[in-house]
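Colleague: One structure coming up, written as structure tokens, with questions to follow.
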Amino acid sequence: MVETIIEMNNIVKVFPPSLVALDNVSVDFRKGEIHAIVGENGAGKSTLMKILYGLEERSAGEIIHRGKPIHFRQPGDAIASGIGMVHQEILLIPEYSVWENVVLGVEPRNFFGRLDVAKAQQQVAQKIYEFQFNLDPVARVEDISVAARQKVEILKLLFRNVSVLILDEPTAVLTPQEIPQLFSELRRLKDNGHTILFISHHLDEVVELSDRTSVLRKGQKIATVDTASTSKRELAQMMVGREVIFSSIAEKGQPGEVILSVDHLIHEFPNGRQSLRDIHFQVRAGDHAINQTNEDLHALRSFALRRAAVRSMKMSRYSRPATMINTIAACSTWINSLGTSVINSIPSAPVCRVAKNKPYKTVAISPLFATIAIITPSQA
């Protein structure tokens, strides 16, 4: 018998002064299922899940958890009830080890009230073994991959006995090679009785992974369907309200002058550890993509560079010349937030000044797909 563990009924969310983010949305989640929440950017996916997790207050509606009405005022309330959320941003302390990040806030104590290090390490190692996560509990977080850090985020919640996991665009920080491993781990959690709520707008991933899919459009729920009985085309049509054409004909571009040239690019932390090592490439006006042939370019997907991007975005605001690293990082973060490898004809694309003080529009710079998308002259 199917057990419904969460019901969200007639949820309304209005942001001041009058922005309706969610309009009378009702959806239910079952024990032991992977339930995808899909929709365009701004459809209300993350807002709905933040309300469930206690990060946002609902304006109206009710939430039923295991037959009882609930009203979480903060994430701690949700976690105590077995509901946790992994955000797009990695919220770990880089200088701490894996086990220290996992037990932070719920540390086992000894007789004298001090941290019991041996017990904490043993408990974390047991959870790693139980859920078959390939993690070293004593490794420093700053030294492990982005995919491993995401596992640590999930492990933090499992350590707190969470049974409902909300994952907000979990593949956005992963390479294509890392996504199948994440899906295998999520399926194992499902088989153990966990409920996975999977926020995404990547329909290929939704069709491959989920059992049911709820579609939001402009703050309203359009439908909840069994994923196996629908198709990517039908989901896309529900998302946008019209038929979607998935094929396109692209004309071959004619590369122009070199607008960006990088030679012997190195980035080194104060402690001497390198995140970029001897990188070479050129970008020409009109190019569409540069294939990644040098393994050192994998560093462009590194956590360190993405973290630096936040600072560069605040400093440059795309309005004055930035350094080579800051320009790549800032544009990369913007594309990363959209979750796509190639974006064409976007009027609102940020302007990055990368050569001769001239503005160029970023068509795609993507750490997600191991591709540096090319910068073309903007029309502005």
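Simple scheme: letters A, B, ... for chains in structure tokens order, numbers from 1 for residues in each chain, numbers from 1 for ligands in the order shown.
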List every residue of region 103-218 of chain A that has an atom at most 12 Å from any atom of region 22-26 of chain A, giving for each one its closest atom pair and the distance in Å to one decimal, counting only C-alpha atoms, sorted by chain and then by ascending residue number, as a Markdown table.

Modeller:
| residue | atom | partner | partner_atom | distance |
| --- | --- | --- | --- | --- |
| A:Ser214 | CA | A:Ser26 | CA | 9.9 |
| A:Val215 | CA | A:Val25 | CA | 10.6 |
| A:Leu216 | CA | A:Val25 | CA | 8.7 |
| A:Arg217 | CA | A:Leu22 | CA | 9.5 |
| A:Lys218 | CA | A:Leu22 | CA | 7.8 |

Colleague: Could you make a table, as a Markdown table, of the residues of region 23-122 of chain A that have an atom within 6 Å of an atom of region 184-202 of chain A, each with its nearest atom pair and distance in Å to one decimal, counting only C-alpha atoms, in chain and number order?

Modeller:
| residue | atom | partner | partner_atom | distance |
| --- | --- | --- | --- | --- |
| A:Lys31 | CA | A:Thr195 | CA | 5.4 |
| A:Gly32 | CA | A:Gly193 | CA | 4.4 |
| A:Glu33 | CA | A:Thr195 | CA | 5.1 |
| A:Ile34 | CA | A:Ile196 | CA | 4.6 |
| A:His35 | CA | A:Leu197 | CA | 4.9 |
| A:Ala36 | CA | A:Phe198 | CA | 4.5 |
| A:Ile37 | CA | A:Ile199 | CA | 4.8 |
| A:Val38 | CA | A:His201 | CA | 5.3 |
| A:Gly39 | CA | A:His201 | CA | 5.9 |

Colleague: Quick check, in Å to one decimal: how far apart do CA of Glu205 (chain A) and CA of Leu235 (chain A) lie?

Modeller: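 For CA of Glu205 (chain A) relative to CA of Leu235 (chain A), the distance reads 12.2 Å.
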
Colleague: Report the residues of region 103-304 of chain A whose backbone DSSP state falls under strand (DSSP E), written as a ChimeraX atom specification.

Modeller: /A:164-168,195-200,212-217,220-226,258-268,274-284,289-290

Colleague: Would you output that residue set with C-alpha atoms, as a PDB file, in the first residue's frame?

Modeller:
ATOM      1  CA  VAL A 164      12.834  13.152   3.414  1.00  0.00           C
ATOM      2  CA  LEU A 165      15.621  14.725   1.349  1.00  0.00           C
ATOM      3  CA  ILE A 166      15.000  17.869  -0.703  1.00  0.00           C
ATOM      4  CA  LEU A 167      17.670  18.333  -3.379  1.00  0.00           C
ATOM      5  CA  ASP A 168      17.693  21.717  -5.122  1.00  0.00           C
ATOM      6  CA  THR A 195      11.758  10.030   0.019  1.00  0.00           C
ATOM      7  CA  ILE A 196      13.713  12.184  -2.423  1.00  0.00           C
ATOM      8  CA  LEU A 197      12.267  15.503  -3.633  1.00  0.00           C
ATOM      9  CA  PHE A 198      14.288  16.429  -6.694  1.00  0.00           C
ATOM     10  CA  ILE A 199      14.097  20.023  -7.968  1.00  0.00           C
ATOM     11  CA  SER A 200      15.240  20.302 -11.567  1.00  0.00           C
ATOM     12  CA  ARG A 212       6.479  10.920 -10.208  1.00  0.00           C
ATOM     13  CA  THR A 213       6.785  14.473 -11.470  1.00  0.00           C
ATOM     14  CA  SER A 214       4.948  17.631 -10.434  1.00  0.00           C
ATOM     15  CA  VAL A 215       5.002  20.475 -12.954  1.00  0.00           C
ATOM     16  CA  LEU A 216       4.791  24.129 -11.906  1.00  0.00           C
ATOM     17  CA  ARG A 217       4.211  27.058 -14.228  1.00  0.00           C
ATOM     18  CA  GLN A 220       0.630  27.220 -10.258  1.00  0.00           C
ATOM     19  CA  LYS A 221       0.694  23.430 -10.278  1.00  0.00           C
ATOM     20  CA  ILE A 222      -0.187  22.163 -13.723  1.00  0.00           C
ATOM     21  CA  ALA A 223      -0.147  18.419 -13.006  1.00  0.00           C
ATOM     22  CA  THR A 224       1.414  15.546 -11.092  1.00  0.00           C
ATOM     23  CA  VAL A 225       2.086  12.550 -13.340  1.00  0.00           C
ATOM     24  CA  ASP A 226       3.720   9.144 -13.199  1.00  0.00           C
ATOM     25  CA  VAL A 258      41.151  36.471 -31.371  1.00  0.00           C
ATOM     26  CA  ILE A 259      39.420  38.341 -28.571  1.00  0.00           C
ATOM     27  CA  LEU A 260      40.806  36.358 -25.658  1.00  0.00           C
ATOM     28  CA  SER A 261      44.141  34.612 -25.356  1.00  0.00           C
ATOM     29  CA  VAL A 262      45.332  32.752 -22.277  1.00  0.00           C
ATOM     30  CA  ASP A 263      48.888  31.447 -21.863  1.00  0.00           C
ATOM     31  CA  HIS A 264      50.419  29.728 -18.840  1.00  0.00           C
ATOM     32  CA  LEU A 265      47.476  30.600 -16.575  1.00  0.00           C
ATOM     33  CA  ILE A 266      48.194  29.602 -12.982  1.00  0.00           C
ATOM     34  CA  HIS A 267      46.176  30.114  -9.828  1.00  0.00           C
ATOM     35  CA  GLU A 268      47.780  29.332  -6.487  1.00  0.00           C
ATOM     36  CA  GLN A 274      47.419  25.083  -7.159  1.00  0.00           C
ATOM     37  CA  SER A 275      43.871  25.080  -8.556  1.00  0.00           C
ATOM     38  CA  LEU A 276      44.935  26.103 -12.092  1.00  0.00           C
ATOM     39  CA  ARG A 277      48.148  24.936 -13.708  1.00  0.00           C
ATOM     40  CA  ASP A 278      49.661  26.098 -17.016  1.00  0.00           C
ATOM     41  CA  ILE A 279      46.431  26.549 -19.009  1.00  0.00           C
ATOM     42  CA  HIS A 280      46.480  27.685 -22.658  1.00  0.00           C
ATOM     43  CA  PHE A 281      43.572  28.547 -24.941  1.00  0.00           C
ATOM     44  CA  GLN A 282      42.231  31.164 -27.342  1.00  0.00           C
ATOM     45  CA  VAL A 283      38.732  32.503 -27.963  1.00  0.00           C
ATOM     46  CA  ARG A 284      37.709  33.963 -31.312  1.00  0.00           C
ATOM     47  CA  ALA A 289      32.709  26.136 -28.091  1.00  0.00           C
ATOM     48  CA  ILE A 290      36.218  25.041 -27.269  1.00  0.00           C
TER      49      ILE A 290
END

Colleague: For Thr4 (chain A), list every protein, DNA or RNA residue within 8 Å, evaluated using only C-alpha atoms, and leave out those in the same chain fewer than 3 positions away; present the list as a list in words.

Modeller: Glu7, Asp28, Phe29, Arg30, Lys31 and Arg66 of chain A

Colleague: What parts of region 54-120 of chain A does DSSP call helix (DSSP H, G or I)? I'd like the answer as a ChimeraX atom specification.

Modeller: /A:75-80,98-103,117-120

Colleague: Between A:Gly105, A:Met238, A:Glu100, A:Gly54, which has the minimum distance to Lys119 (chain A) (counting only C-alpha atoms)?

Modeller: A:Glu100

Colleague: For CA of Ile93 (chain A) and CA of Ile154 (chain A), determine how far apart the two atoms are, in Å to one decimal place.

Modeller: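 Rounded to one decimal, the two atoms are 14.6 Å apart.
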
Colleague: Using only C-alpha atoms, which residues sit within 8 Å of Gln121 (chain A) once same-chain residues fewer than 3 positions away are excluded, as an NGL selection string?

Modeller: :A and (99 or 117-118 or 124-125 or 137-138)

Colleague: What is the CA of Leu157 (chain A)-CA of Glu178 (chain A) distance in Å, reported with one decimal?

Modeller: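 Taking CA of Leu157 (chain A) as the start and CA of Glu178 (chain A) as the end point, the length is 20.6 Å.
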